[in-house]
Amino acid sequence: MNIAIPTQYITTALLLVMVIGVAGWGAPFVLTPNAGGGGYTVEHVYIEADDRITIATLYLPDGDEPSPGIVFGAGSGTAPALYHNYGAALATNDFAVLIAGQTRELEDEKPIRWETRTESSVLFERAKADYHNWVSYLASHPRVDEERMVLGGHSGGANSAYRVAYERPDTNGVVAIAGRFPPDRNETLETNLLLATGSNDSLVPPSKLTNVSAELTGTPLQPGQQVGSFEDGTARRVVVAEGATHLSESDNPVL
């Protein structure tokens, strides 16, 4: 039997979720398990560094052994909850995953709601510094093997993953979904690299990834192409999810 749910009830539920989320800003730095699934647990965390605070979600596989770590930056302005499918799937396969969302400046020990910047280069540098803090947090976690770390992200999060990977030569790989702004560097990115986007992504169409791959590796890769080897850290691959748009990539089963 199908039951119609009035629109106002749905709106009220969404507002409650937003209120609860905002209320979380008033809490101190916490690591409180509050959810989970088959084979993993989920913790909401706040990462404070450099007078800034990031709201993030940490997915930990069951058990006591150190796991490989994955830092995943959410798209600009989006919340970690949007990428739950990624965190759950990876944690089920024994990865510890930190999905980092919005970062805010702290003023009088409270996050301010807006920031102003005058140049895009400043934005990229600030986002890169935030991402470095996320990597440091996850690498220091007792359940994470800091020698096995992968950096990733979607959209704006992917742009930061590129930049941090250049500055962390021990990175084991980069997973960049719809990241269209690699840094302007003369050297190539020396690590495993997965580039992905949706076939209907108007911001980062598949042809854009060919250009990005050329900038990062010196080799223009076509959709579906893979070169190199994972064993020596030279694997490069481009994946395109049919039918996915920039907004639906976070929920796409292929990605």
# chains A, B, ... in the order shown; residues from 1 in each chain; ligands from 1

$ select_by_dssp --residues "stretch 8-254 of chain A" --states "strand (DSSP E or B)" --output "MDAnalysis selection string"
chainID A and resid 31:37 40:49 52:61 67:73 96:107 110:111 144:154 173:177 192:198 226:227 236:241

$ residues_around --residues "A:Leu221" --least-positions-apart "4" --cutoff "8 Å" --atoms "only C-alpha atoms" --output "list in words"
Leu209, Thr210, Ser213, Ala214, Gln225, Gln226, Arg237 and Val238 of chain A

$ write_last_selection --atoms "N, CA and C atoms" --output "tab-separated table (two decimals), in the first residue's frame"
chain	number	residue	atom	x	y	z
A	209	LEU	N	38.70	15.52	-18.25
A	209	LEU	CA	39.62	14.63	-17.54
A	209	LEU	C	40.82	14.26	-18.40
A	210	THR	N	40.63	14.23	-19.71
A	210	THR	CA	41.78	13.97	-20.59
A	210	THR	C	42.81	15.08	-20.43
A	213	SER	N	44.40	14.73	-16.90
A	213	SER	CA	45.38	13.64	-16.84
A	213	SER	C	46.69	14.06	-17.50
A	214	ALA	N	46.61	14.82	-18.57
A	214	ALA	CA	47.82	15.29	-19.24
A	214	ALA	C	48.60	16.23	-18.34
A	225	GLN	N	40.52	4.33	-20.23
A	225	GLN	CA	41.90	3.93	-20.43
A	225	GLN	C	42.64	3.78	-19.11
A	226	GLN	N	43.52	2.80	-19.02
A	226	GLN	CA	44.37	2.61	-17.85
A	226	GLN	C	45.79	2.29	-18.31
A	237	ARG	N	44.17	5.78	-14.30
A	237	ARG	CA	42.95	5.28	-14.89
A	237	ARG	C	41.89	6.38	-14.94
A	238	VAL	N	41.11	6.38	-16.00
A	238	VAL	CA	40.00	7.33	-16.14
A	238	VAL	C	38.70	6.54	-16.23

$ residues_around --residues "stretch 166-183 of chain A" --least-positions-apart "5" --cutoff "8 Å" --atoms "only C-alpha atoms" --output "number ranges by chain"
A: 147-159, 161, 189-198, 203-204, 208-209, 212, 215-216, 233, 246

$ write_last_selection --atoms "N, CA, C and O atoms" --output "compact mmCIF listing (two decimals), in the first residue's frame"
# COMPACT_ATOMS: atom_id res chain seq x y z
N GLU A 147 51.37 4.66 6.98
CA GLU A 147 52.19 4.40 5.80
C GLU A 147 51.36 3.92 4.61
O GLU A 147 51.91 3.68 3.53
N ARG A 148 50.06 3.78 4.82
CA ARG A 148 49.16 3.38 3.72
C ARG A 148 48.01 4.38 3.67
O ARG A 148 46.96 4.18 4.27
N MET A 149 48.24 5.49 2.97
CA MET A 149 47.27 6.57 2.91
C MET A 149 46.93 6.93 1.47
O MET A 149 47.82 7.09 0.63
N VAL A 150 45.64 7.07 1.21
CA VAL A 150 45.15 7.50 -0.09
C VAL A 150 44.37 8.81 0.10
O VAL A 150 43.66 8.98 1.09
N LEU A 151 44.55 9.74 -0.83
CA LEU A 151 43.86 11.02 -0.77
C LEU A 151 42.81 11.08 -1.87
O LEU A 151 43.06 10.63 -3.00
N GLY A 152 41.65 11.61 -1.55
CA GLY A 152 40.60 11.67 -2.55
C GLY A 152 39.65 12.81 -2.30
O GLY A 152 39.79 13.58 -1.34
N GLY A 153 38.67 12.92 -3.18
CA GLY A 153 37.68 13.96 -3.01
C GLY A 153 36.79 14.10 -4.23
O GLY A 153 37.05 13.51 -5.28
N HIS A 154 35.75 14.88 -4.04
CA HIS A 154 34.82 15.17 -5.13
C HIS A 154 34.81 16.66 -5.39
O HIS A 154 34.76 17.46 -4.44
N SER A 155 34.91 17.05 -6.64
CA SER A 155 34.84 18.45 -7.04
C SER A 155 35.92 19.27 -6.31
O SER A 155 37.10 19.03 -6.49
N GLY A 156 35.51 20.23 -5.46
CA GLY A 156 36.49 21.02 -4.74
C GLY A 156 37.40 20.18 -3.87
O GLY A 156 38.59 20.49 -3.70
N GLY A 157 36.87 19.09 -3.29
CA GLY A 157 37.70 18.20 -2.48
C GLY A 157 38.76 17.52 -3.30
O GLY A 157 39.89 17.28 -2.84
N ALA A 158 38.45 17.19 -4.56
CA ALA A 158 39.43 16.57 -5.45
C ALA A 158 40.54 17.56 -5.82
O ALA A 158 41.71 17.20 -5.91
N ASN A 159 40.17 18.83 -6.02
CA ASN A 159 41.17 19.85 -6.33
C ASN A 159 42.21 19.95 -5.23
O ASN A 159 43.41 20.10 -5.49
N ALA A 161 42.93 17.49 -3.06
CA ALA A 161 43.66 16.22 -3.00
C ALA A 161 44.85 16.25 -3.95
O ALA A 161 45.94 15.76 -3.61
N LEU A 189 52.66 14.00 -11.17
CA LEU A 189 52.22 13.45 -9.89
C LEU A 189 52.63 11.99 -9.84
O LEU A 189 52.12 11.16 -10.59
N GLU A 190 53.55 11.66 -8.94
CA GLU A 190 54.14 10.32 -8.91
C GLU A 190 53.42 9.42 -7.90
O GLU A 190 53.94 9.10 -6.84
N THR A 191 52.22 9.03 -8.23
CA THR A 191 51.47 8.07 -7.41
C THR A 191 50.34 7.49 -8.23
O THR A 191 50.05 7.99 -9.33
N ASN A 192 49.71 6.43 -7.73
CA ASN A 192 48.54 5.88 -8.42
C ASN A 192 47.45 6.95 -8.51
O ASN A 192 47.25 7.71 -7.56
N LEU A 193 46.75 6.98 -9.63
CA LEU A 193 45.79 8.05 -9.86
C LEU A 193 44.53 7.51 -10.53
O LEU A 193 44.61 6.89 -11.60
N LEU A 194 43.38 7.75 -9.89
CA LEU A 194 42.09 7.43 -10.49
C LEU A 194 41.34 8.73 -10.70
O LEU A 194 41.05 9.46 -9.75
N LEU A 195 41.02 9.02 -11.96
CA LEU A 195 40.21 10.18 -12.31
C LEU A 195 38.84 9.70 -12.75
O LEU A 195 38.73 8.73 -13.51
N ALA A 196 37.79 10.35 -12.26
CA ALA A 196 36.44 9.90 -12.60
C ALA A 196 35.51 11.10 -12.75
O ALA A 196 35.74 12.17 -12.17
N THR A 197 34.46 10.91 -13.52
CA THR A 197 33.43 11.92 -13.67
C THR A 197 32.19 11.25 -14.25
O THR A 197 32.21 10.07 -14.60
N GLY A 198 31.11 12.01 -14.34
CA GLY A 198 29.89 11.50 -14.95
C GLY A 198 29.80 11.90 -16.40
O GLY A 198 30.29 12.97 -16.80
N LEU A 203 30.09 20.44 -15.63
CA LEU A 203 31.24 21.16 -15.09
C LEU A 203 32.55 20.47 -15.43
O LEU A 203 33.55 21.11 -15.76
N VAL A 204 32.54 19.14 -15.32
CA VAL A 204 33.75 18.36 -15.60
C VAL A 204 33.38 17.22 -16.55
O VAL A 204 33.24 16.07 -16.15
N LYS A 208 37.31 16.84 -20.24
CA LYS A 208 38.11 17.63 -19.31
C LYS A 208 39.10 16.75 -18.57
O LYS A 208 40.25 17.17 -18.29
N LEU A 209 38.70 15.52 -18.25
CA LEU A 209 39.62 14.63 -17.54
C LEU A 209 40.82 14.26 -18.40
O LEU A 209 41.90 13.98 -17.87
N VAL A 212 43.08 17.04 -17.75
CA VAL A 212 43.60 16.97 -16.38
C VAL A 212 44.67 15.88 -16.27
O VAL A 212 45.72 16.08 -15.65
N GLU A 215 47.89 17.11 -17.61
CA GLU A 215 48.56 18.05 -16.71
C GLU A 215 49.23 17.33 -15.54
O GLU A 215 50.32 17.71 -15.10
N LEU A 216 48.58 16.29 -15.03
CA LEU A 216 49.09 15.61 -13.84
C LEU A 216 50.16 14.57 -14.16
O LEU A 216 51.08 14.36 -13.36
N GLY A 233 53.27 1.94 -8.19
CA GLY A 233 52.73 3.27 -7.96
C GLY A 233 52.60 4.13 -9.20
O GLY A 233 52.57 5.36 -9.10
N HIS A 246 27.03 16.17 -12.20
CA HIS A 246 27.93 16.62 -11.14
C HIS A 246 27.30 16.42 -9.77
O HIS A 246 27.98 16.08 -8.81

$ closest_residue --among "A:Ala139, A:Leu82, A:Leu98, A:Ala91" --to "A:Ser250" --atoms "only C-alpha atoms"
A:Leu82

$ closest_residue --among "A:Val45, A:Leu90, A:Ala81, A:Ala100" --to "A:Trp134" --atoms "only C-alpha atoms"
A:Ala100

$ atom_distance --atom1 "atom CA of A:Glu146" --atom2 "atom CA of A:Pro66"
8.8 Å

$ closest_residue --among "A:Ser67, A:Pro220, A:Pro253, A:Asp145" --to "A:Ser207" --atoms "only C-alpha atoms"
A:Pro220

$ select_by_dssp --residues "stretch 11-246 of chain A" --states "helix (DSSP H, G or I)" --output "PyMOL selection string"
chain A and resi 11-26+80-92+120-139+156-167+206-217
